[in-house]
Structure formats: structure tokens, C-alpha cells
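**Student:** Below is input.txt; it holds compact mmCIF, C-alpha atoms.
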```txt
# COMPACT_ATOMS: atom_id res chain seq x y z
CA MET A 780 -65.89 67.22 -32.16
CA PHE A 781 -65.60 67.05 -35.93
CA LYS A 782 -61.90 67.93 -35.61
CA ARG A 783 -61.41 65.06 -33.15
CA ILE A 784 -63.18 62.60 -35.47
CA ALA A 785 -61.06 63.74 -38.40
CA MET A 786 -57.89 63.25 -36.42
CA LEU A 787 -58.97 59.75 -35.38
CA ALA A 788 -59.75 58.87 -39.00
CA LEU A 789 -56.37 60.14 -40.18
CA SER A 790 -54.65 58.16 -37.43
CA ALA A 791 -56.48 55.01 -38.55
CA VAL A 792 -55.41 55.54 -42.17
CA LEU A 793 -51.76 56.02 -41.20
CA THR A 794 -51.84 52.97 -38.94
CA THR A 795 -53.32 50.82 -41.71
CA THR A 796 -50.83 52.15 -44.24
CA CYS A 797 -47.90 51.29 -42.01
CA PHE A 798 -49.31 47.83 -41.38
CA VAL A 799 -49.60 46.81 -45.03
CA ALA A 800 -46.36 48.37 -46.26
CA PRO A 801 -43.97 45.88 -47.91
CA SER A 802 -41.27 44.56 -45.62
CA HIS A 803 -38.61 45.59 -48.14
CA ALA A 804 -40.12 48.93 -49.19
CA ALA A 805 -36.85 50.74 -48.53
CA TRP A 806 -34.68 48.08 -50.15
CA PRO A 807 -31.76 48.29 -50.32
CA GLU A 808 -31.05 49.82 -46.91
CA LYS A 809 -27.44 48.63 -46.96
CA PRO A 810 -24.81 47.37 -49.45
CA VAL A 811 -25.77 44.34 -51.57
CA LYS A 812 -23.18 41.63 -52.12
CA PHE A 813 -22.91 40.71 -55.82
CA LEU A 814 -21.14 37.35 -56.17
CA LEU A 815 -19.39 36.75 -59.51
CA GLY A 816 -18.88 33.08 -60.31
CA SER A 817 -15.53 33.41 -62.04
CA GLY A 818 -12.10 34.93 -61.67
CA ALA A 819 -10.95 38.40 -62.61
CA GLY A 820 -10.86 39.19 -66.33
CA SER A 821 -13.60 36.74 -67.32
CA SER A 822 -16.79 37.68 -69.15
CA ILE A 823 -18.76 37.19 -65.93
CA ASP A 824 -16.35 39.48 -64.09
CA MET A 825 -16.49 42.27 -66.69
CA VAL A 826 -20.25 42.25 -67.29
CA GLY A 827 -21.00 41.66 -63.61
CA ARG A 828 -19.06 44.75 -62.61
CA LEU A 829 -20.94 46.79 -65.21
CA ILE A 830 -24.31 45.61 -63.85
CA ALA A 831 -23.16 46.25 -60.26
CA GLN A 832 -22.22 49.80 -61.24
CA LYS A 833 -25.61 50.44 -62.86
CA LEU A 834 -27.55 49.02 -59.91
CA SER A 835 -25.42 51.08 -57.50
CA GLU A 836 -26.19 54.24 -59.48
CA LYS A 837 -29.91 53.45 -59.57
CA TYR A 838 -30.36 52.72 -55.86
CA GLY A 839 -27.69 54.93 -54.32
CA LYS A 840 -26.37 51.94 -52.38
CA PRO A 841 -23.28 49.94 -53.36
CA PHE A 842 -23.66 46.58 -55.09
CA VAL A 843 -20.29 45.08 -54.19
CA PRO A 844 -18.75 42.72 -56.81
CA THR A 845 -17.03 39.74 -55.17
CA ASN A 846 -15.26 37.10 -57.28
CA VAL A 847 -15.83 33.53 -56.10
CA SER A 848 -14.10 30.78 -58.09
CA GLY A 849 -12.50 27.41 -57.50
CA GLY A 850 -13.79 23.97 -56.60
CA GLY A 851 -14.96 23.37 -60.18
CA LEU A 852 -17.06 26.52 -59.63
CA GLY A 853 -18.80 24.71 -56.77
CA ALA A 854 -17.42 27.36 -54.41
CA PHE A 855 -19.63 29.98 -56.04
CA ALA A 856 -22.78 27.85 -55.84
CA MET A 857 -22.11 26.90 -52.21
CA THR A 858 -21.35 30.49 -51.18
CA LEU A 859 -24.64 31.60 -52.72
CA LYS A 860 -26.57 28.70 -51.19
CA ASN A 861 -25.21 29.46 -47.70
CA SER A 862 -25.99 33.19 -47.96
CA LYS A 863 -28.96 34.67 -46.13
CA ASN A 864 -32.04 34.88 -48.34
CA ASP A 865 -32.76 38.40 -47.08
CA GLY A 866 -32.34 40.20 -50.41
CA TYR A 867 -28.75 41.29 -49.85
CA THR A 868 -26.86 38.63 -51.82
CA ILE A 869 -27.26 38.02 -55.56
CA GLY A 870 -25.01 36.23 -58.02
CA LEU A 871 -23.97 36.07 -61.66
CA GLY A 872 -22.85 32.72 -63.08
CA THR A 873 -23.29 30.28 -65.96
CA ASP A 874 -26.08 27.80 -66.41
CA THR A 875 -23.77 24.78 -66.13
CA MET A 876 -22.81 25.73 -62.57
CA PHE A 877 -26.33 24.80 -61.49
CA THR A 878 -27.23 22.06 -63.99
CA PHE A 879 -24.16 19.92 -64.74
CA ASN A 880 -22.41 20.56 -61.42
CA SER A 881 -25.49 19.93 -59.28
CA LEU A 882 -25.86 16.42 -60.74
CA ASP A 883 -22.41 15.35 -59.58
CA PRO A 884 -22.98 12.66 -56.89
CA SER A 885 -20.51 14.48 -54.64
CA SER A 886 -22.27 17.85 -55.01
CA ARG A 887 -23.55 19.52 -51.84
CA PHE A 888 -26.13 21.61 -53.69
CA LYS A 889 -29.05 21.07 -56.04
CA MET A 890 -30.56 23.32 -58.67
CA SER A 891 -33.68 23.59 -56.49
CA ASP A 892 -31.61 25.52 -53.91
CA TYR A 893 -31.79 28.61 -56.15
CA THR A 894 -34.12 30.96 -57.99
CA PHE A 895 -33.05 32.30 -61.39
CA LEU A 896 -34.00 35.92 -62.06
CA CYS A 897 -32.99 36.22 -65.71
CA THR A 898 -30.45 35.38 -68.38
CA ILE A 899 -28.40 38.33 -69.57
CA PHE A 900 -26.02 37.27 -72.35
CA GLN A 901 -24.23 34.50 -74.22
CA GLY A 902 -20.72 34.32 -75.61
CA ASP A 903 -18.93 32.54 -78.44
CA ALA A 904 -18.16 29.35 -76.50
CA SER A 905 -15.63 27.50 -78.64
CA TYR A 906 -12.35 25.64 -79.07
CA ILE A 907 -9.32 27.70 -80.07
CA VAL A 908 -5.83 26.88 -81.37
CA ALA A 909 -2.72 28.74 -82.48
CA PRO A 910 -2.92 30.03 -86.09
CA ASP A 911 -0.12 27.74 -87.29
CA LYS A 912 -2.01 24.55 -86.38
CA PRO A 913 -3.12 22.68 -89.52
CA TRP A 914 -6.53 21.50 -88.29
CA LYS A 915 -9.68 22.99 -89.77
CA ASN A 916 -11.89 21.87 -86.89
CA LEU A 917 -11.87 19.94 -83.62
CA ARG A 918 -12.58 16.58 -85.21
CA GLU A 919 -9.56 16.94 -87.50
CA ALA A 920 -7.40 17.78 -84.47
CA LEU A 921 -8.60 14.74 -82.56
CA GLU A 922 -8.10 12.47 -85.59
CA ALA A 923 -4.56 13.84 -86.04
CA SER A 924 -3.68 12.90 -82.45
CA LYS A 925 -3.70 9.22 -83.41
CA THR A 926 -0.47 9.64 -85.37
CA MET A 927 1.20 12.19 -83.09
CA SER A 928 4.20 11.19 -80.97
CA ARG A 929 2.54 12.71 -77.90
CA PRO A 930 -1.01 13.26 -76.68
CA LEU A 931 -2.96 16.27 -77.92
CA THR A 932 -3.11 18.77 -75.04
CA TYR A 933 -6.32 20.53 -74.01
CA GLN A 934 -6.87 23.19 -71.34
CA PHE A 935 -10.35 23.26 -69.80
CA GLN A 936 -12.24 25.89 -67.79
CA THR A 937 -15.03 23.93 -66.13
CA ALA A 938 -15.91 20.37 -65.19
CA MET A 939 -18.50 20.29 -67.96
CA ASP A 940 -16.25 21.39 -70.82
CA ARG A 941 -13.69 18.85 -69.61
CA LYS A 942 -16.32 16.09 -69.66
CA VAL A 943 -17.56 17.10 -73.11
CA PHE A 944 -14.01 17.08 -74.52
CA GLU A 945 -13.35 13.64 -73.02
CA MET A 946 -16.49 12.23 -74.64
CA LEU A 947 -15.71 13.79 -78.04
CA ALA A 948 -12.15 12.42 -77.86
CA LYS A 949 -13.51 8.99 -76.96
CA GLU A 950 -15.81 9.01 -80.00
CA VAL A 951 -12.81 9.57 -82.27
CA GLY A 952 -10.38 7.37 -80.33
CA ALA A 953 -8.00 10.29 -79.79
CA LYS A 954 -4.93 10.49 -77.54
CA VAL A 955 -5.33 13.51 -75.29
CA ALA A 956 -3.87 15.08 -72.17
CA ILE A 957 -6.32 17.32 -70.31
CA ILE A 958 -5.04 20.19 -68.15
CA PRO A 959 -6.92 22.77 -66.04
CA MET A 960 -6.41 26.45 -66.85
CA GLN A 961 -5.88 29.02 -64.11
CA SER A 962 -8.33 31.52 -65.62
CA PRO A 963 -10.20 32.10 -68.91
CA SER A 964 -7.56 34.56 -70.10
CA ALA A 965 -4.78 32.13 -69.11
CA GLY A 966 -6.11 29.60 -71.62
CA ILE A 967 -5.80 32.14 -74.42
CA THR A 968 -2.27 32.98 -73.32
CA ALA A 969 -1.36 29.28 -73.24
CA VAL A 970 -2.51 28.82 -76.83
CA ILE A 971 -0.61 31.88 -78.05
CA GLY A 972 2.53 30.80 -76.18
CA GLY A 973 2.40 27.24 -77.51
CA HIS A 974 1.84 25.71 -74.07
CA THR A 975 -1.28 23.82 -75.14
CA ASP A 976 -2.69 22.60 -78.44
CA ILE A 977 -6.33 23.47 -77.79
CA ALA A 978 -8.18 25.51 -75.18
CA PHE A 979 -11.82 26.16 -74.39
CA SER A 980 -12.96 29.79 -74.56
CA GLY A 981 -16.23 31.33 -73.51
CA GLY A 982 -15.73 34.11 -76.07
CA LEU A 983 -13.01 36.29 -74.56
CA HIS A 984 -10.64 35.53 -77.42
CA TYR A 985 -12.44 37.66 -80.03
CA GLU A 986 -9.75 40.35 -80.29
CA GLN A 987 -6.94 37.76 -80.45
CA ASP A 988 -8.82 35.89 -83.17
CA ARG A 989 -9.26 39.02 -85.24
CA ALA A 990 -5.58 39.90 -84.73
CA GLY A 991 -4.53 36.46 -86.00
CA LYS A 992 -3.04 35.37 -82.67
CA VAL A 993 -5.49 32.47 -82.21
CA ARG A 994 -7.90 30.66 -84.50
CA THR A 995 -11.42 29.51 -83.64
CA ILE A 996 -11.94 25.99 -85.01
CA THR A 997 -15.24 24.73 -83.55
CA MET A 998 -18.17 26.26 -81.68
CA THR A 999 -19.74 24.46 -78.71
CA THR A 1000 -22.98 26.44 -79.16
CA THR A 1001 -26.16 24.90 -80.55
CA LYS A 1002 -25.97 27.15 -83.62
CA ARG A 1003 -23.20 29.03 -85.44
CA THR A 1004 -22.83 32.56 -84.11
CA PRO A 1005 -22.70 35.91 -85.96
CA ASN A 1006 -19.06 36.47 -85.02
CA TYR A 1007 -18.02 33.11 -86.50
CA PRO A 1008 -20.51 32.20 -89.25
CA ASP A 1009 -18.01 29.95 -91.05
CA VAL A 1010 -16.96 27.95 -87.97
CA PRO A 1011 -18.82 24.63 -87.54
CA THR A 1012 -20.44 23.49 -84.29
CA VAL A 1013 -19.84 20.26 -82.38
CA LEU A 1014 -23.35 19.20 -83.45
CA GLU A 1015 -22.23 19.28 -87.08
CA LEU A 1016 -19.03 17.28 -86.51
CA PHE A 1017 -19.79 14.58 -83.95
CA LYS A 1018 -22.39 11.86 -83.43
CA ILE A 1019 -22.58 12.64 -79.72
CA GLN A 1020 -24.80 15.70 -79.35
CA LEU A 1021 -23.12 17.76 -76.64
CA PRO A 1022 -23.68 21.52 -77.12
CA MET A 1023 -22.68 24.09 -74.49
CA ASP A 1024 -24.51 27.41 -74.92
CA ALA A 1025 -23.37 28.75 -71.54
CA TYR A 1026 -26.02 31.31 -70.66
CA ARG A 1027 -24.84 33.85 -68.11
CA LEU A 1028 -27.61 34.45 -65.60
CA ILE A 1029 -28.58 36.26 -62.41
CA VAL A 1030 -29.35 33.89 -59.54
CA VAL A 1031 -30.40 34.25 -55.89
CA PRO A 1032 -30.78 31.85 -52.96
CA LYS A 1033 -34.08 30.01 -52.62
CA GLY A 1034 -36.51 31.96 -50.47
CA PHE A 1035 -35.31 35.36 -51.73
CA PRO A 1036 -37.98 38.02 -50.88
CA GLU A 1037 -40.61 38.09 -53.62
CA ASP A 1038 -41.02 41.89 -53.63
CA VAL A 1039 -37.27 42.40 -54.04
CA LYS A 1040 -37.12 39.68 -56.69
CA ALA A 1041 -39.83 41.39 -58.76
CA GLN A 1042 -38.14 44.77 -58.39
CA LEU A 1043 -34.72 43.43 -59.38
CA GLU A 1044 -36.09 41.53 -62.36
CA LYS A 1045 -37.68 44.73 -63.69
CA ASP A 1046 -34.55 46.81 -63.14
CA LEU A 1047 -32.24 44.22 -64.67
CA LYS A 1048 -34.37 44.12 -67.82
CA GLU A 1049 -34.08 47.90 -68.13
CA ILE A 1050 -30.29 47.68 -67.81
CA ILE A 1051 -29.93 44.82 -70.28
CA ASP A 1052 -32.27 46.46 -72.82
CA SER A 1053 -30.45 49.79 -72.65
CA PRO A 1054 -28.38 50.95 -75.65
CA GLU A 1055 -25.40 51.51 -73.36
CA PHE A 1056 -25.41 47.90 -72.14
CA SER A 1057 -25.80 46.59 -75.67
CA GLU A 1058 -22.94 48.75 -76.91
CA ILE A 1059 -20.57 47.55 -74.20
CA VAL A 1060 -21.55 43.86 -74.26
CA LYS A 1061 -21.99 43.46 -78.01
CA ASP A 1062 -19.66 46.01 -79.57
CA LYS A 1063 -16.82 46.16 -77.03
CA LEU A 1064 -16.84 42.76 -75.32
CA HIS A 1065 -18.31 40.95 -78.36
CA PHE A 1066 -20.90 38.95 -76.43
CA PHE A 1067 -24.62 38.82 -77.15
CA PRO A 1068 -27.33 40.30 -74.91
CA ALA A 1069 -29.88 37.54 -74.39
CA TYR A 1070 -32.57 38.48 -71.89
CA HIS A 1071 -35.08 35.91 -70.63
CA ASN A 1072 -37.29 36.69 -67.63
CA SER A 1073 -37.43 34.58 -64.48
CA ALA A 1074 -40.13 32.19 -65.65
CA GLU A 1075 -38.41 31.65 -69.01
CA THR A 1076 -35.00 31.23 -67.40
CA ASN A 1077 -36.22 28.65 -64.89
CA ALA A 1078 -37.82 26.71 -67.78
CA ILE A 1079 -34.51 26.83 -69.71
CA MET A 1080 -32.67 25.56 -66.65
CA GLU A 1081 -35.08 22.65 -66.13
CA GLU A 1082 -34.64 21.65 -69.78
CA GLN A 1083 -30.85 21.82 -69.51
CA LEU A 1084 -30.87 19.86 -66.26
CA GLU A 1085 -32.55 16.97 -68.07
CA TYR A 1086 -30.02 17.19 -70.92
CA CYS A 1087 -27.06 17.15 -68.51
CA LYS A 1088 -28.14 13.86 -66.99
CA ILE A 1089 -26.40 12.09 -69.92
CA PHE A 1090 -23.05 12.93 -68.30
CA TRP A 1091 -23.84 11.00 -65.13
CA GLN A 1092 -25.42 7.88 -66.59
```
Turn the structure described in the file into C-alpha cells.

**Tutor:**
Amino acid sequence: MFKRIAMLALSAVLTTTCFVAPSHAAWPEKPVKFLLGSGAGSSIDMVGRLIAQKLSEKYGKPFVPTNVSGGGLGAFAMTLKNSKNDGYTIGLGTDTMFTFNSLDPSSRFKMSDYTFLCTIFQGDASYIVAPDKPWKNLREALEASKTMSRPLTYQFQTAMDRKVFEMLAKEVGAKVAIIPMQSPSAGITAVIGGHTDIAFSGGLHYEQDRAGKVRTITMTTTKRTPNYPDVPTVLELFKIQLPMDAYRLIVVPKGFPEDVKAQLEKDLKEIIDSPEFSEIVKDKLHFFPAYHNSAETNAIMEEQLEYCKIFWQ
């Protein structure tokens, strides 16, 4: 009799345990799609593939990097928005994809369609020129355009950096011609080859700058950065206060499973805080690890959303 009672008790425990187990206890049970909001060769592409590799090694399931670009980067945001919120699609993009772009009246997505897990790094967002250009900074270049026989040419990466450049040029009264670049690395190549006067760079040009193939003339970041302590920021040179810090962050569709979200946030922090990640991002790619947890990142995004409203007034 006692044996029968014991067996019934054990059965009850097992039944209760199975009932309260998390729905995603075995996550991931299949490959996870890792959307990268930029083309091949960009900072997002390189760091995203590193993170995908580390997550794949940790879980024993592939995190599959998939580049999604185009449409002013709206393609990335829409692909993520339309993905199932079942824990098997995550993304890596920049803050402006979800702040500046979402405020466009023609946008089909809003920042509230997403949850931000963490920020992971920043780069030396800046304006670059060929080394033989005489301008010390962006304002000098824009002022010089007034006496040039042709417009000053500028290659942009995103809708936001295009809008910022237009507003800075307007403040000075400059003559400019604005051209889209095919990829972040293509803008660097265009500067070196003399195909454009100025290009925006998110920081990929570090090696070319050090080799004397390009010159960094103005930072778009809020503060000067360690790699370019002598290069002024747009905040120092212009009345219009239009910084672009360009956080790179991990984002998921709204409604993403809470247990998976908490697990991923913890694991991503471990990866970002690791010496190996810091060595690759800081010492080899020359970006800056900048971790903020989900709550902090969502607060940063709300603040930047308010700031970006100036572009649509």
C-alpha cells in the first residue's frame, strides 16, 4: 500500500512539473534567423556574424545571419516586424532605423512594433574626404562650395545622414549634390577614387585613415571619440544641433517570448563583456563596445525618438 501511495505521489510531482515548465524551456529547438540590417562588409555585418557564431556555439543550434538592406533600411524593419514573434527571429540594426525612419509619414512601421534587447557597440560616425582636400572640417568644406564651379558632392548611407547633411548645408548656404552610396565600403572607395568630395562613414574607414588614404574631418557623434580626439563634432561647428551617435542594437518583434528574451539578454551581455569580443570589436574593427540592457536601451530609444521629431516638423 505504501508503495502504491509513493508511486501516486511521484506521478503527481511529475505531472505538476510538466505543467509549469516554461513553454520555451528547450529553446532553441531549431535554427534562429539573425537579420542584419545592412549589406555585406558593414560594421553590422561583421559584428553580427561574430555574435551569431558565439550564440551558435553556446546553444548548439545555428543562428543564421541574413543581410537585409534597401528601402532606406526600411526593408530590414519591415522584415523584422512581419516575422513571427515565436523566438526564432532576432535582428541587429542601428537606432535610427527605428527612430528617424519610423517617423516618416510614409513609414509602415512604428518604434512600438519592436522590443530592444540591448545596445552592443558604437562606431566613429563621421564625414571623410580624400587627404588632398584643403578643408579642415565640414563647415569649411560647405563654405568653400559657394565659390566652387560645381556643387560639392556628398555620398550618404541612410535617410537620416542625408537629412542631417541637407540641414547643415542649408545653414551655411552651400551648393551640394547628394548621392546614395551602394554600401558603406563603397563610400570609402568613392572618396579614395575621387568620385565624391565627402562621404559619411559609420567608422569602417579607420584603417584607410591611418594609412593616409582618407581623412576624417568632422564627427557626427555627441562627443569626440578616442580614435579621433582632435577631430571636432558637428555640435561644435554648427548652430543646428544634429548629432548621430548610431548605436548598434539587438532588436526583436513585439510580443517576443519573455523567457527567451530574458535568456538572450543575459547571454548577449556575457558575449559583449568577454575579452574576446572586446579585442575583436575594439582592437581589430576599431569600434567601441557599449552595452546597455533592455530597459536602458528602450529608454535611450524613446529619448532619441523625441529628438528625431525635429526632422519631420

**Student:** Within 10 Å of region 989-997 of chain A, which residues of region 888-921 of chain A show up? Give each one with its shortest atom-to-atom distance in Å (one decimal) and the two atoms involved, counting only C-alpha atoms, rows by chain then rising residue number, as CSV.

**Tutor:**
```
residue,atom,partner,partner_atom,distance
A:Asp903,CA,A:Thr995,CA,9.6
A:Ala904,CA,A:Thr997,CA,8.9
A:Ser905,CA,A:Thr997,CA,5.7
A:Tyr906,CA,A:Thr997,CA,5.4
A:Ile907,CA,A:Thr995,CA,4.5
A:Val908,CA,A:Arg994,CA,5.3
A:Ala909,CA,A:Val993,CA,4.7
A:Pro910,CA,A:Val993,CA,5.3
A:Asp911,CA,A:Arg994,CA,8.8
A:Lys912,CA,A:Arg994,CA,8.7
A:Trp914,CA,A:Ile996,CA,7.8
A:Lys915,CA,A:Ile996,CA,6.1
A:Asn916,CA,A:Ile996,CA,4.5
A:Leu917,CA,A:Thr997,CA,5.9
A:Arg918,CA,A:Thr997,CA,8.7
A:Glu919,CA,A:Ile996,CA,9.7
A:Ala920,CA,A:Ile996,CA,9.4
```

**Student:** So that I can check the surroundings of Tyr893 (chain A), please list as a list in words every protein, DNA and RNA residue that reaches within 7 Å of it, counting all atoms listed in the file and ignoring chain neighbours fewer than 6 positions away.

**Tutor:**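 Returned residues: Val1030, Val1031, Pro1032 and Lys1033 of chain A.
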
**Student:** Got a sec: who's within 10 Å of Arg929 (chain A), counting all atoms listed in the file, leaving out chain neighbours fewer than 2 positions off, as a list in words?

**Tutor:**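 Contacts, with the query itself left out: Ser924, Lys925, Thr926, Met927, Leu931, Thr932, Lys954, Val955 and Ala956 of chain A.
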
**Student:** Residues around (-33.4, 46.4, -56.7), cut-off 7 Å, counting all atoms listed in the file - what are they as a list of chain:residue names?

**Tutor:**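 Here is the list of nearby residues: A:Trp806, A:Pro807, A:Val1039, A:Gln1042, A:Leu1043, A:Asp1046.
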
**Student:** Rank A:Met1080, A:Leu1064, A:Ala953, A:Ile1059 by their smallest atom-to-atom distance to Leu1028 (chain A), using only C-alpha atoms, and report the top residue only.

**Tutor:** A:Met1080

**Student:** Considering all atoms listed in the file, state which residue in the set A:Asn846, A:His974, A:Ala854, A:Glu1037 is at the smallest distance from Gly818 (chain A).

**Tutor:**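 Ranking A:Asn846, A:His974, A:Ala854, A:Glu1037 by distance to Gly818 (chain A), first place goes to A:Asn846.
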
**Student:** Between A:Leu1084, A:Ala1074, A:Leu829, A:Val847, which has the minimum distance to Phe1056 (chain A) (counting all atoms listed in the file)?

**Tutor:**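 So, comparing all the options, the nearest one is A:Leu829.
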
**Student:** Give the answer as one residue: which of A:Gly982, A:Pro1036, A:Pro1054, A:Gly827 has the shortest atom-to-atom distance to Gly872 (chain A), using all atoms listed in the file?

**Tutor:**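 Answer, going by the shortest atom-to-atom distance: A:Gly827.
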
**Student:** Determine the nearest neighbour of Lys1040 (chain A) from the options A:Met946, A:Cys1087, A:Ile869, A:Ala805, counting only C-alpha atoms.

**Tutor:**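 Ranked by minimum distance to Lys1040 (chain A), first place goes to A:Ile869.
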
**Student:** Could you please determine the separation between CA of Phe895 (chain A) and CA of Leu1021 (chain A) in Å, to one decimal place?

**Tutor:**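 So the two atoms, CA of Phe895 (chain A) and CA of Leu1021 (chain A), lie 23.3 Å apart.
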
**Student:** Which value, in Å to one decimal, gives the distance between CA of Phe888 (chain A) and CA of Ala856 (chain A)?

**Tutor:**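 Computing it gives 7.4 Å between the two atoms.
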
**Student:** Please provide as a PyMOL selection string all residues within 12 Å of Pro884 (chain A), with the sequence filter that same-chain residues fewer than 2 positions apart are discarded (counting all atoms listed in the file).

**Tutor:** chain A and resi 879-882+886-889+1088+1090-1092

**Student:** Take the residues from that selection and write them out as a PDB file, in the frame of the given file, keeping C-alpha atoms.

**Tutor:**
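Full text of out33.pdb as output:
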```pdb
ATOM      1  CA  PHE A 879     -24.160  19.920 -64.740  1.00  0.00           C
ATOM      2  CA  ASN A 880     -22.410  20.560 -61.420  1.00  0.00           C
ATOM      3  CA  SER A 881     -25.490  19.930 -59.280  1.00  0.00           C
ATOM      4  CA  LEU A 882     -25.860  16.420 -60.740  1.00  0.00           C
ATOM      5  CA  SER A 886     -22.270  17.850 -55.010  1.00  0.00           C
ATOM      6  CA  ARG A 887     -23.550  19.520 -51.840  1.00  0.00           C
ATOM      7  CA  PHE A 888     -26.130  21.610 -53.690  1.00  0.00           C
ATOM      8  CA  LYS A 889     -29.050  21.070 -56.040  1.00  0.00           C
ATOM      9  CA  LYS A1088     -28.140  13.860 -66.990  1.00  0.00           C
ATOM     10  CA  PHE A1090     -23.050  12.930 -68.300  1.00  0.00           C
ATOM     11  CA  TRP A1091     -23.840  11.000 -65.130  1.00  0.00           C
ATOM     12  CA  GLN A1092     -25.420   7.880 -66.590  1.00  0.00           C
TER      13      GLN A1092
END
```

**Student:** Just to confirm, what's the straight-line distance from CA of Ile1029 (chain A) to CA of Leu896 (chain A) in Å (one decimal)?

**Tutor:**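 One can read the CA of Ile1029 (chain A) to CA of Leu896 (chain A) distance as 5.4 Å.
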
**Student:** Of the candidates A:Tyr867, A:His984, A:Asp1009, A:Ala1041, which shows the shortest atom-to-atom distance to Val970 (chain A), using all atoms listed in the file?

**Tutor:** A:His984

**Student:** Neighbours of Met998 (chain A) within 9 Å (only C-alpha atoms; same-chain residues fewer than 5 positions away dropped), as a count of residues only?

**Tutor:** 14

**Student:** Near Leu834 (chain A), counting all atoms listed in the file, which residues have an atom at most 12 Å away, once you skip same-chain residues fewer than 3 positions from it, shown as a ChimeraX atom specification?

**Tutor:** /A:807,810-813,827-831,837-844,869,1042-1051
